[in-house]
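What follows is the content of target-v8.cif (mmCIF, C-alpha atoms).
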```cif
data_data
#
loop_
_atom_site.label_atom_id
_atom_site.label_comp_id
_atom_site.auth_asym_id
_atom_site.auth_seq_id
_atom_site.Cartn_x
_atom_site.Cartn_y
_atom_site.Cartn_z
CA MET A 1 -4.97 -4.85 9.20
CA THR A 2 -5.15 -6.98 12.29
CA GLY A 3 -6.90 -10.32 12.65
CA ARG A 4 -8.34 -12.59 10.01
CA THR A 5 -10.53 -10.59 7.65
CA LEU A 6 -12.32 -11.97 4.62
CA VAL A 7 -12.05 -9.11 2.14
CA ASP A 8 -13.02 -9.18 -1.53
CA ALA A 9 -12.95 -6.29 -3.97
CA VAL A 10 -14.99 -5.29 -6.99
CA VAL A 11 -13.15 -3.14 -9.51
CA LEU A 12 -15.26 -1.30 -12.08
CA ALA A 13 -13.38 -1.50 -15.38
CA ALA A 14 -16.01 -1.79 -18.11
CA GLY A 15 -15.87 1.71 -19.58
CA LYS A 16 -14.76 2.58 -23.08
CA GLY A 17 -13.09 5.86 -22.17
CA THR A 18 -14.22 7.82 -25.23
CA ARG A 19 -12.60 11.06 -24.04
CA MET A 20 -9.16 9.40 -24.07
CA LYS A 21 -9.25 9.71 -27.89
CA SER A 22 -8.11 6.13 -28.30
CA ASP A 23 -9.61 2.73 -29.02
CA LEU A 24 -7.68 1.34 -26.08
CA PRO A 25 -9.92 0.62 -23.06
CA LYS A 26 -9.50 3.42 -20.55
CA VAL A 27 -8.17 1.16 -17.78
CA LEU A 28 -5.36 -0.07 -20.05
CA HIS A 29 -3.88 3.38 -20.62
CA GLU A 30 -0.54 3.46 -18.85
CA LEU A 31 0.61 5.44 -15.86
CA ALA A 32 4.32 5.12 -15.07
CA GLY A 33 4.61 2.17 -17.45
CA ARG A 34 1.70 0.13 -16.06
CA PRO A 35 -2.01 0.08 -16.95
CA LEU A 36 -4.25 2.16 -14.72
CA LEU A 37 -6.04 -1.03 -13.72
CA ALA A 38 -2.76 -2.65 -12.62
CA HIS A 39 -2.18 0.18 -10.13
CA VAL A 40 -5.65 -0.31 -8.64
CA LEU A 41 -5.22 -4.08 -8.37
CA ALA A 42 -1.81 -3.73 -6.71
CA THR A 43 -3.21 -1.32 -4.12
CA ALA A 44 -6.04 -3.73 -3.32
CA ARG A 45 -3.64 -6.63 -2.83
CA ALA A 46 -1.31 -4.61 -0.62
CA ALA A 47 -4.27 -3.51 1.52
CA GLY A 48 -5.18 -7.12 2.27
CA VAL A 49 -7.78 -7.92 -0.40
CA GLU A 50 -7.56 -11.64 -1.14
CA ARG A 51 -9.86 -11.89 -4.17
CA THR A 52 -10.92 -9.29 -6.70
CA VAL A 53 -13.82 -9.36 -9.13
CA VAL A 54 -13.05 -7.18 -12.16
CA VAL A 55 -16.09 -5.96 -14.07
CA VAL A 56 -15.16 -5.61 -17.74
CA GLY A 57 -17.07 -4.58 -20.84
CA HIS A 58 -15.32 -2.71 -23.63
CA GLN A 59 -12.71 -5.03 -25.17
CA ALA A 60 -13.20 -7.41 -22.26
CA ASP A 61 -10.88 -10.07 -23.67
CA ARG A 62 -8.04 -7.59 -24.04
CA VAL A 63 -8.38 -6.37 -20.46
CA ARG A 64 -8.54 -9.95 -19.19
CA GLU A 65 -5.47 -10.98 -21.21
CA LEU A 66 -3.27 -8.12 -20.00
CA CYS A 67 -4.30 -8.20 -16.33
CA ALA A 68 -5.06 -11.86 -15.60
CA ALA A 69 -3.85 -13.21 -12.23
CA PRO A 70 -4.79 -16.12 -9.94
CA ASP A 71 -6.60 -13.88 -7.45
CA LEU A 72 -8.82 -12.24 -10.09
CA VAL A 73 -12.26 -13.16 -11.38
CA PHE A 74 -13.51 -11.38 -14.50
CA VAL A 75 -17.22 -10.78 -15.18
CA VAL A 76 -18.70 -9.02 -18.19
CA GLN A 77 -21.20 -6.17 -17.84
CA GLU A 78 -23.25 -6.07 -21.03
CA PRO A 79 -25.24 -3.89 -21.45
CA GLN A 80 -23.81 -1.27 -19.08
CA LEU A 81 -26.65 0.08 -16.97
CA GLY A 82 -24.76 2.02 -14.32
CA THR A 83 -22.46 1.46 -11.35
CA GLY A 84 -25.10 -0.36 -9.34
CA HIS A 85 -25.69 -2.72 -12.24
CA ALA A 86 -21.94 -3.36 -12.51
CA VAL A 87 -21.79 -4.48 -8.88
CA GLN A 88 -24.95 -6.56 -9.35
CA VAL A 89 -23.10 -8.41 -12.12
CA ALA A 90 -20.13 -8.96 -9.80
CA ALA A 91 -22.11 -9.97 -6.71
CA PRO A 92 -22.50 -13.70 -7.49
CA ALA A 93 -18.69 -14.04 -7.48
CA LEU A 94 -18.29 -12.51 -4.00
CA ARG A 95 -17.66 -14.68 -0.98
CA ASP A 96 -20.08 -14.67 1.94
CA GLY A 97 -19.24 -13.65 5.46
CA GLY A 98 -16.83 -10.77 5.02
CA TRP A 99 -16.44 -7.33 3.51
CA THR A 100 -16.36 -6.03 -0.06
CA VAL A 101 -14.33 -3.04 -1.21
CA ILE A 102 -15.52 -1.29 -4.35
CA LEU A 103 -12.93 0.53 -6.45
CA ALA A 104 -12.79 2.25 -9.83
CA GLY A 105 -10.30 0.97 -12.39
CA ASP A 106 -9.48 4.51 -13.49
CA VAL A 107 -8.53 5.86 -10.04
CA PRO A 108 -4.87 4.79 -9.78
CA LEU A 109 -3.47 7.06 -7.06
CA LEU A 110 -5.39 5.75 -4.05
CA THR A 111 -2.85 4.80 -1.39
CA VAL A 112 -2.63 1.50 0.43
CA ALA A 113 -2.78 3.35 3.76
CA THR A 114 -6.07 5.03 2.92
CA LEU A 115 -7.65 1.82 1.66
CA ARG A 116 -6.56 0.00 4.81
CA ARG A 117 -8.01 2.81 6.90
CA LEU A 118 -11.32 2.45 5.05
CA ILE A 119 -11.49 -1.31 5.62
CA ASP A 120 -10.37 -1.11 9.25
CA GLY A 121 -12.79 1.74 9.91
CA THR A 122 -15.72 -0.27 8.58
CA ARG A 123 -14.82 -3.27 10.72
CA ALA A 124 -14.25 -1.22 13.86
CA SER A 125 -17.43 0.83 13.55
CA GLY A 126 -19.69 -2.11 12.83
CA ALA A 127 -21.17 -0.10 9.97
CA ALA A 128 -22.99 -1.74 7.09
CA ALA A 129 -20.91 0.40 4.75
CA THR A 130 -18.34 3.17 4.72
CA VAL A 131 -17.76 5.76 2.02
CA LEU A 132 -14.38 7.33 1.31
CA THR A 133 -14.97 11.06 0.98
CA CYS A 134 -12.94 14.17 0.28
CA VAL A 135 -13.65 17.82 1.06
CA VAL A 136 -12.87 20.58 -1.45
CA ALA A 137 -14.13 24.09 -2.15
CA ASP A 138 -16.04 23.07 -5.29
CA ALA A 139 -16.93 19.41 -5.78
CA GLY A 140 -17.85 19.92 -9.44
CA ALA A 141 -19.50 16.88 -11.02
CA TYR A 142 -18.90 14.58 -8.05
CA GLY A 143 -21.78 13.20 -5.99
CA ARG A 144 -22.39 15.15 -2.78
CA ILE A 145 -22.38 13.65 0.72
CA VAL A 146 -25.62 14.64 2.44
CA LYS A 147 -25.53 14.38 6.25
CA ASP A 148 -28.00 15.08 9.01
CA ALA A 149 -27.56 17.64 11.80
CA ARG A 150 -25.53 15.12 13.82
CA GLY A 151 -23.12 14.48 10.96
CA ASN A 152 -24.49 11.06 10.01
CA LEU A 153 -24.63 10.16 6.35
CA VAL A 154 -28.15 10.29 4.96
CA ARG A 155 -27.54 9.73 1.27
CA ILE A 156 -25.31 10.56 -1.69
CA VAL A 157 -26.86 12.67 -4.41
CA GLU A 158 -25.42 12.73 -7.92
CA ALA A 159 -24.52 16.24 -9.08
CA ARG A 160 -27.00 16.08 -11.96
CA ASP A 161 -29.81 15.25 -9.54
CA ALA A 162 -28.77 17.70 -6.79
CA THR A 163 -30.54 20.85 -5.68
CA PRO A 164 -28.57 24.14 -5.59
CA ARG A 165 -28.22 23.74 -1.81
CA GLU A 166 -26.82 20.23 -2.21
CA LEU A 167 -24.43 21.39 -4.94
CA ALA A 168 -22.92 23.82 -2.40
CA ILE A 169 -21.74 20.88 -0.27
CA GLY A 170 -17.96 20.51 -0.47
CA GLU A 171 -17.73 16.91 0.77
CA PHE A 172 -17.92 14.57 -2.17
CA ASN A 173 -18.11 10.87 -2.87
CA SER A 174 -14.83 9.39 -4.09
CA GLY A 175 -16.51 6.29 -5.52
CA VAL A 176 -14.53 4.08 -3.13
CA TYR A 177 -16.54 2.05 -0.61
CA CYS A 178 -16.34 -0.79 1.86
CA PHE A 179 -19.50 -2.83 2.54
CA ARG A 180 -20.36 -5.75 4.71
CA THR A 181 -20.95 -8.20 1.92
CA ASP A 182 -24.32 -9.43 3.21
CA CYS A 183 -25.59 -5.85 3.45
CA LEU A 184 -24.33 -5.09 -0.04
CA ARG A 185 -26.22 -8.05 -1.52
CA GLU A 186 -29.46 -7.01 0.19
CA ALA A 187 -29.18 -3.39 -0.93
CA LEU A 188 -28.30 -4.29 -4.53
CA ALA A 189 -31.54 -6.25 -4.79
CA GLU A 190 -33.51 -3.07 -4.02
CA LEU A 191 -32.00 -0.77 -6.67
CA THR A 192 -34.25 1.00 -9.16
CA THR A 193 -33.63 3.31 -12.14
CA ASP A 194 -35.66 6.24 -10.78
CA ASN A 195 -33.14 8.97 -11.62
CA ASP A 196 -32.12 11.39 -14.35
CA GLN A 197 -29.93 8.84 -16.17
CA GLY A 198 -32.29 5.90 -15.92
CA GLU A 199 -29.45 3.80 -14.49
CA TYR A 200 -28.83 1.70 -11.39
CA TYR A 201 -26.76 3.92 -9.09
CA LEU A 202 -24.54 2.16 -6.58
CA THR A 203 -24.91 5.20 -4.34
CA ASP A 204 -28.60 4.38 -3.86
CA THR A 205 -27.59 1.28 -1.88
CA LEU A 206 -26.34 3.58 0.87
CA GLY A 207 -29.60 5.50 1.10
CA TRP A 208 -31.48 2.20 1.27
CA LEU A 209 -29.27 0.95 4.11
CA VAL A 210 -29.75 4.20 6.04
CA ALA A 211 -33.52 4.03 5.53
CA ARG A 212 -33.47 0.48 6.90
CA GLY A 213 -31.75 1.74 10.03
CA ASP A 214 -28.22 0.51 9.30
CA ALA A 215 -25.19 2.65 10.09
CA VAL A 216 -23.31 4.07 7.11
CA SER A 217 -20.10 5.87 8.00
CA THR A 218 -17.53 8.00 6.21
CA VAL A 219 -13.75 8.04 6.13
CA THR A 220 -12.13 11.16 4.70
CA THR A 221 -8.90 11.68 2.82
CA SER A 222 -7.40 15.15 2.82
CA ASP A 223 -5.51 14.47 -0.42
CA SER A 224 -7.84 14.94 -3.38
CA ALA A 225 -5.17 13.51 -5.71
CA GLU A 226 -5.84 10.06 -4.23
CA VAL A 227 -9.35 9.96 -5.63
CA VAL A 228 -8.91 11.64 -9.01
CA GLY A 229 -10.38 9.62 -11.86
CA ILE A 230 -8.65 9.56 -15.26
CA ASN A 231 -11.04 10.49 -18.08
CA THR A 232 -8.91 12.50 -20.51
CA VAL A 233 -5.37 12.59 -21.87
CA ALA A 234 -4.76 15.79 -19.90
CA GLU A 235 -5.88 14.13 -16.67
CA LEU A 236 -3.57 11.19 -17.35
CA ALA A 237 -0.65 13.58 -17.84
CA ALA A 238 -1.52 15.32 -14.56
CA ALA A 239 -1.65 11.96 -12.80
CA GLU A 240 1.79 11.12 -14.18
CA ARG A 241 3.15 14.29 -12.56
CA LEU A 242 1.44 13.52 -9.24
CA PHE A 243 2.75 9.96 -9.30
CA ALA A 244 6.30 11.12 -10.04
CA ALA A 245 6.15 13.69 -7.22
CA ARG A 246 4.93 11.01 -4.82
CA GLN A 247 7.79 8.70 -5.82
CA ARG A 248 10.31 11.46 -5.14
CA GLY A 249 8.79 11.83 -1.69
#
```
Target format structure tokens, applied to this file:
Amino acid sequence: MTGRTLVDAVVLAAGKGTRMKSDLPKVLHELAGRPLLAHVLATARAAGVERTVVVVGHQADRVRELCAAPDLVFVVQEPQLGTGHAVQVAAPALRDGGWTVILAGDVPLLTVATLRRLIDGTRASGAAATVLTCVVADAGAYGRIVKDARGNLVRIVEARDATPRELAIGEFNSGVYCFRTDCLREALAELTTDNDQGEYYLTDTLGWLVARGDAVSTVTTSDSAEVVGINTVAELAAAERLFAARQRG
């Protein structure tokens, strides 16, 4: 990145990870000898993030103990009422006047280059927010990117709330975002639980910004491996193989 940029990050790391078949918090399962969360934090630092707020929940003390560092602030999400709620919990620890990247603690293969491209793209476009997306044939359970006829983002719809037409959309939400921090704060204050899960969806902040007339842009990665979340032992094993292949070049 060029120029002085005030960039914070929020990393969502509160989940229990029931499908991992272990009492260990999901973000502490290891990939290539390091916790999943450690990979995410290292990528953020290398991309120019100066301060990261880690949202913890399940075994919060254990996560804090194993991943503590001077540039990290830990906040506890209890109860856990959705991704939007997690960022609401983190928001008081964010610095004013810059940008905030939002990352998932169980998505360890995101590259520094892609994260830098996301941050730089948000700054250059003047957008209130930018979403990292990926295009595949079948987006499965991922939230779909709904755009207007001109290709502008309108909203993100969760798969469980989507119509059949929306489910046919191949461009999906990676769960990685960059916001202007002031816009993020304003949008978080407007979240409601009017959805199938009765939770605060972070994705609803984007629809609110668009409705207000703010620009919300997208940056796309062509490598779906970068945005794969780890939810099961099998997915962790697959990520190990992808990581090893990447290291071999």
* To do: For Thr203 (chain A), please output as a PyMOL selection string all residues within 9 Å (counting all atoms listed in the file; exclusion window: fewer than 3 positions along the same chain).
  => chain A and resi 83-84+143+155-158+173+175+200+206-207
* Residues matched by the PyMOL selection byres ((chain A and resi 215) around 12) as a ChimeraX atom specification -> /A:122-123,125-131,152-155,179-180,183,206-214,216-218
* Asked: Which distance in Å separates CA of Leu115 (chain A) and CA of Ser222 (chain A), to one decimal?
  ->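 Distance reported for this atom pair: 13.4 Å.
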* To do: Could you give me, as number ranges by chain, the residues within 9 Å of Val53 (chain A), counting all atoms listed in the file and dropping anything in the same chain fewer than 4 positions from it?
  => A: 8-12, 71-75, 90-91, 93-94
* To do: Rank A:Glu50, A:Glu199, A:Asp148, A:Asp61 by their smallest atom-to-atom distance to Val101 (chain A), using only C-alpha atoms, and report the top residue only.
  => A:Glu50
* Distance CA of Thr43 (chain A)-CA of Cys134 (chain A), one decimal place? ->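 Separation between CA of Thr43 (chain A) and CA of Cys134 (chain A): 18.8 Å.
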* **Nearest to Leu242 (chain A) by atom-to-atom distance, counting all atoms listed in the file, from A:Ala47, A:Leu31, A:Val87, A:Met20** => A:Leu31
* Just how far from CA of Tyr142 (chain A) is CA of Leu167 (chain A), in Å to one decimal? ->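 The value is 9.3 Å.
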Written coordinates, N, CA and C atoms of region 6-42 of chain A as a PDB file, in the first residue's frame:
```pdb
ATOM      1  N   LEU A   6      -4.642   4.504   7.887  1.00  0.00           N
ATOM      2  CA  LEU A   6      -5.018   3.998   9.199  1.00  0.00           C
ATOM      3  C   LEU A   6      -5.941   2.799   8.996  1.00  0.00           C
ATOM      4  N   VAL A   7      -5.409   1.607   9.195  1.00  0.00           N
ATOM      5  CA  VAL A   7      -6.183   0.396   8.931  1.00  0.00           C
ATOM      6  C   VAL A   7      -6.223  -0.486  10.179  1.00  0.00           C
ATOM      7  N   ASP A   8      -7.425  -0.761  10.639  1.00  0.00           N
ATOM      8  CA  ASP A   8      -7.662  -1.732  11.698  1.00  0.00           C
ATOM      9  C   ASP A   8      -8.286  -2.975  11.085  1.00  0.00           C
ATOM     10  N   ALA A   9      -8.314  -4.049  11.849  1.00  0.00           N
ATOM     11  CA  ALA A   9      -9.023  -5.248  11.417  1.00  0.00           C
ATOM     12  C   ALA A   9      -9.881  -5.765  12.560  1.00  0.00           C
ATOM     13  N   VAL A  10     -10.952  -6.423  12.197  1.00  0.00           N
ATOM     14  CA  VAL A  10     -11.750  -7.212  13.133  1.00  0.00           C
ATOM     15  C   VAL A  10     -11.688  -8.649  12.647  1.00  0.00           C
ATOM     16  N   VAL A  11     -11.280  -9.551  13.520  1.00  0.00           N
ATOM     17  CA  VAL A  11     -11.234 -10.968  13.169  1.00  0.00           C
ATOM     18  C   VAL A  11     -12.272 -11.706  14.008  1.00  0.00           C
ATOM     19  N   LEU A  12     -13.179 -12.396  13.327  1.00  0.00           N
ATOM     20  CA  LEU A  12     -14.250 -13.127  13.997  1.00  0.00           C
ATOM     21  C   LEU A  12     -13.730 -14.498  14.396  1.00  0.00           C
ATOM     22  N   ALA A  13     -13.620 -14.727  15.714  1.00  0.00           N
ATOM     23  CA  ALA A  13     -12.988 -15.953  16.205  1.00  0.00           C
ATOM     24  C   ALA A  13     -13.693 -16.502  17.438  1.00  0.00           C
ATOM     25  N   ALA A  14     -15.027 -16.313  17.490  1.00  0.00           N
ATOM     26  CA  ALA A  14     -15.767 -16.687  18.702  1.00  0.00           C
ATOM     27  C   ALA A  14     -16.381 -18.079  18.645  1.00  0.00           C
ATOM     28  N   GLY A  15     -16.373 -18.704  17.468  1.00  0.00           N
ATOM     29  CA  GLY A  15     -17.111 -19.947  17.293  1.00  0.00           C
ATOM     30  C   GLY A  15     -16.512 -21.148  18.012  1.00  0.00           C
ATOM     31  N   LYS A  16     -17.394 -22.082  18.318  1.00  0.00           N
ATOM     32  CA  LYS A  16     -16.978 -23.308  19.006  1.00  0.00           C
ATOM     33  C   LYS A  16     -16.381 -24.323  18.041  1.00  0.00           C
ATOM     34  N   GLY A  17     -16.945 -24.388  16.834  1.00  0.00           N
ATOM     35  CA  GLY A  17     -16.446 -25.350  15.855  1.00  0.00           C
ATOM     36  C   GLY A  17     -16.867 -26.777  16.169  1.00  0.00           C
ATOM     37  N   THR A  18     -18.153 -26.968  16.408  1.00  0.00           N
ATOM     38  CA  THR A  18     -18.676 -28.279  16.815  1.00  0.00           C
ATOM     39  C   THR A  18     -18.328 -29.379  15.821  1.00  0.00           C
ATOM     40  N   ARG A  19     -18.357 -29.051  14.530  1.00  0.00           N
ATOM     41  CA  ARG A  19     -18.127 -30.080  13.506  1.00  0.00           C
ATOM     42  C   ARG A  19     -16.665 -30.518  13.419  1.00  0.00           C
ATOM     43  N   MET A  20     -15.781 -29.869  14.169  1.00  0.00           N
ATOM     44  CA  MET A  20     -14.386 -30.308  14.193  1.00  0.00           C
ATOM     45  C   MET A  20     -14.195 -31.527  15.099  1.00  0.00           C
ATOM     46  N   LYS A  21     -15.252 -31.911  15.818  1.00  0.00           N
ATOM     47  CA  LYS A  21     -15.206 -33.103  16.690  1.00  0.00           C
ATOM     48  C   LYS A  21     -14.117 -32.986  17.752  1.00  0.00           C
ATOM     49  N   SER A  22     -13.988 -31.792  18.305  1.00  0.00           N
ATOM     50  CA  SER A  22     -12.959 -31.550  19.313  1.00  0.00           C
ATOM     51  C   SER A  22     -13.425 -30.430  20.224  1.00  0.00           C
ATOM     52  N   ASP A  23     -12.950 -30.445  21.458  1.00  0.00           N
ATOM     53  CA  ASP A  23     -13.269 -29.370  22.385  1.00  0.00           C
ATOM     54  C   ASP A  23     -12.422 -28.134  22.132  1.00  0.00           C
ATOM     55  N   LEU A  24     -11.385 -28.286  21.322  1.00  0.00           N
ATOM     56  CA  LEU A  24     -10.507 -27.169  21.002  1.00  0.00           C
ATOM     57  C   LEU A  24     -11.269 -26.128  20.180  1.00  0.00           C
ATOM     58  N   PRO A  25     -11.170 -24.842  20.514  1.00  0.00           N
ATOM     59  CA  PRO A  25     -11.819 -23.826  19.684  1.00  0.00           C
ATOM     60  C   PRO A  25     -11.379 -23.965  18.233  1.00  0.00           C
ATOM     61  N   LYS A  26     -12.310 -23.768  17.320  1.00  0.00           N
ATOM     62  CA  LYS A  26     -12.006 -24.006  15.906  1.00  0.00           C
ATOM     63  C   LYS A  26     -10.768 -23.246  15.437  1.00  0.00           C
ATOM     64  N   VAL A  27     -10.633 -21.986  15.849  1.00  0.00           N
ATOM     65  CA  VAL A  27      -9.529 -21.169  15.333  1.00  0.00           C
ATOM     66  C   VAL A  27      -8.171 -21.586  15.878  1.00  0.00           C
ATOM     67  N   LEU A  28      -8.162 -22.497  16.860  1.00  0.00           N
ATOM     68  CA  LEU A  28      -6.883 -22.976  17.400  1.00  0.00           C
ATOM     69  C   LEU A  28      -6.447 -24.301  16.781  1.00  0.00           C
ATOM     70  N   HIS A  29      -7.283 -24.902  15.943  1.00  0.00           N
ATOM     71  CA  HIS A  29      -6.824 -26.077  15.206  1.00  0.00           C
ATOM     72  C   HIS A  29      -5.681 -25.655  14.290  1.00  0.00           C
ATOM     73  N   GLU A  30      -4.714 -26.522  14.123  1.00  0.00           N
ATOM     74  CA  GLU A  30      -3.490 -26.123  13.436  1.00  0.00           C
ATOM     75  C   GLU A  30      -3.479 -26.468  11.956  1.00  0.00           C
ATOM     76  N   LEU A  31      -2.930 -25.547  11.199  1.00  0.00           N
ATOM     77  CA  LEU A  31      -2.636 -25.728   9.789  1.00  0.00           C
ATOM     78  C   LEU A  31      -1.146 -25.467   9.617  1.00  0.00           C
ATOM     79  N   ALA A  32      -0.426 -26.463   9.130  1.00  0.00           N
ATOM     80  CA  ALA A  32       1.028 -26.337   8.939  1.00  0.00           C
ATOM     81  C   ALA A  32       1.715 -25.897  10.232  1.00  0.00           C
ATOM     82  N   GLY A  33       1.263 -26.450  11.358  1.00  0.00           N
ATOM     83  CA  GLY A  33       1.940 -26.224  12.633  1.00  0.00           C
ATOM     84  C   GLY A  33       1.584 -24.941  13.359  1.00  0.00           C
ATOM     85  N   ARG A  34       0.634 -24.167  12.804  1.00  0.00           N
ATOM     86  CA  ARG A  34       0.208 -22.929  13.459  1.00  0.00           C
ATOM     87  C   ARG A  34      -1.314 -22.883  13.527  1.00  0.00           C
ATOM     88  N   PRO A  35      -1.878 -22.275  14.580  1.00  0.00           N
ATOM     89  CA  PRO A  35      -3.338 -22.163  14.647  1.00  0.00           C
ATOM     90  C   PRO A  35      -3.899 -21.425  13.437  1.00  0.00           C
ATOM     91  N   LEU A  36      -5.103 -21.798  13.046  1.00  0.00           N
ATOM     92  CA  LEU A  36      -5.763 -21.114  11.935  1.00  0.00           C
ATOM     93  C   LEU A  36      -5.757 -19.601  12.154  1.00  0.00           C
ATOM     94  N   LEU A  37      -6.064 -19.197  13.381  1.00  0.00           N
ATOM     95  CA  LEU A  37      -6.117 -17.773  13.690  1.00  0.00           C
ATOM     96  C   LEU A  37      -4.772 -17.089  13.460  1.00  0.00           C
ATOM     97  N   ALA A  38      -3.680 -17.783  13.769  1.00  0.00           N
ATOM     98  CA  ALA A  38      -2.351 -17.197  13.583  1.00  0.00           C
ATOM     99  C   ALA A  38      -2.081 -16.883  12.113  1.00  0.00           C
ATOM    100  N   HIS A  39      -2.567 -17.727  11.213  1.00  0.00           N
ATOM    101  CA  HIS A  39      -2.401 -17.468   9.777  1.00  0.00           C
ATOM    102  C   HIS A  39      -3.139 -16.186   9.385  1.00  0.00           C
ATOM    103  N   VAL A  40      -4.364 -16.041   9.882  1.00  0.00           N
ATOM    104  CA  VAL A  40      -5.174 -14.871   9.545  1.00  0.00           C
ATOM    105  C   VAL A  40      -4.521 -13.594  10.082  1.00  0.00           C
ATOM    106  N   LEU A  41      -4.044 -13.645  11.310  1.00  0.00           N
ATOM    107  CA  LEU A  41      -3.405 -12.476  11.916  1.00  0.00           C
ATOM    108  C   LEU A  41      -2.126 -12.095  11.173  1.00  0.00           C
ATOM    109  N   ALA A  42      -1.358 -13.076  10.756  1.00  0.00           N
ATOM    110  CA  ALA A  42      -0.113 -12.800  10.025  1.00  0.00           C
ATOM    111  C   ALA A  42      -0.396 -12.151   8.676  1.00  0.00           C
TER     112      ALA A  42
END
```
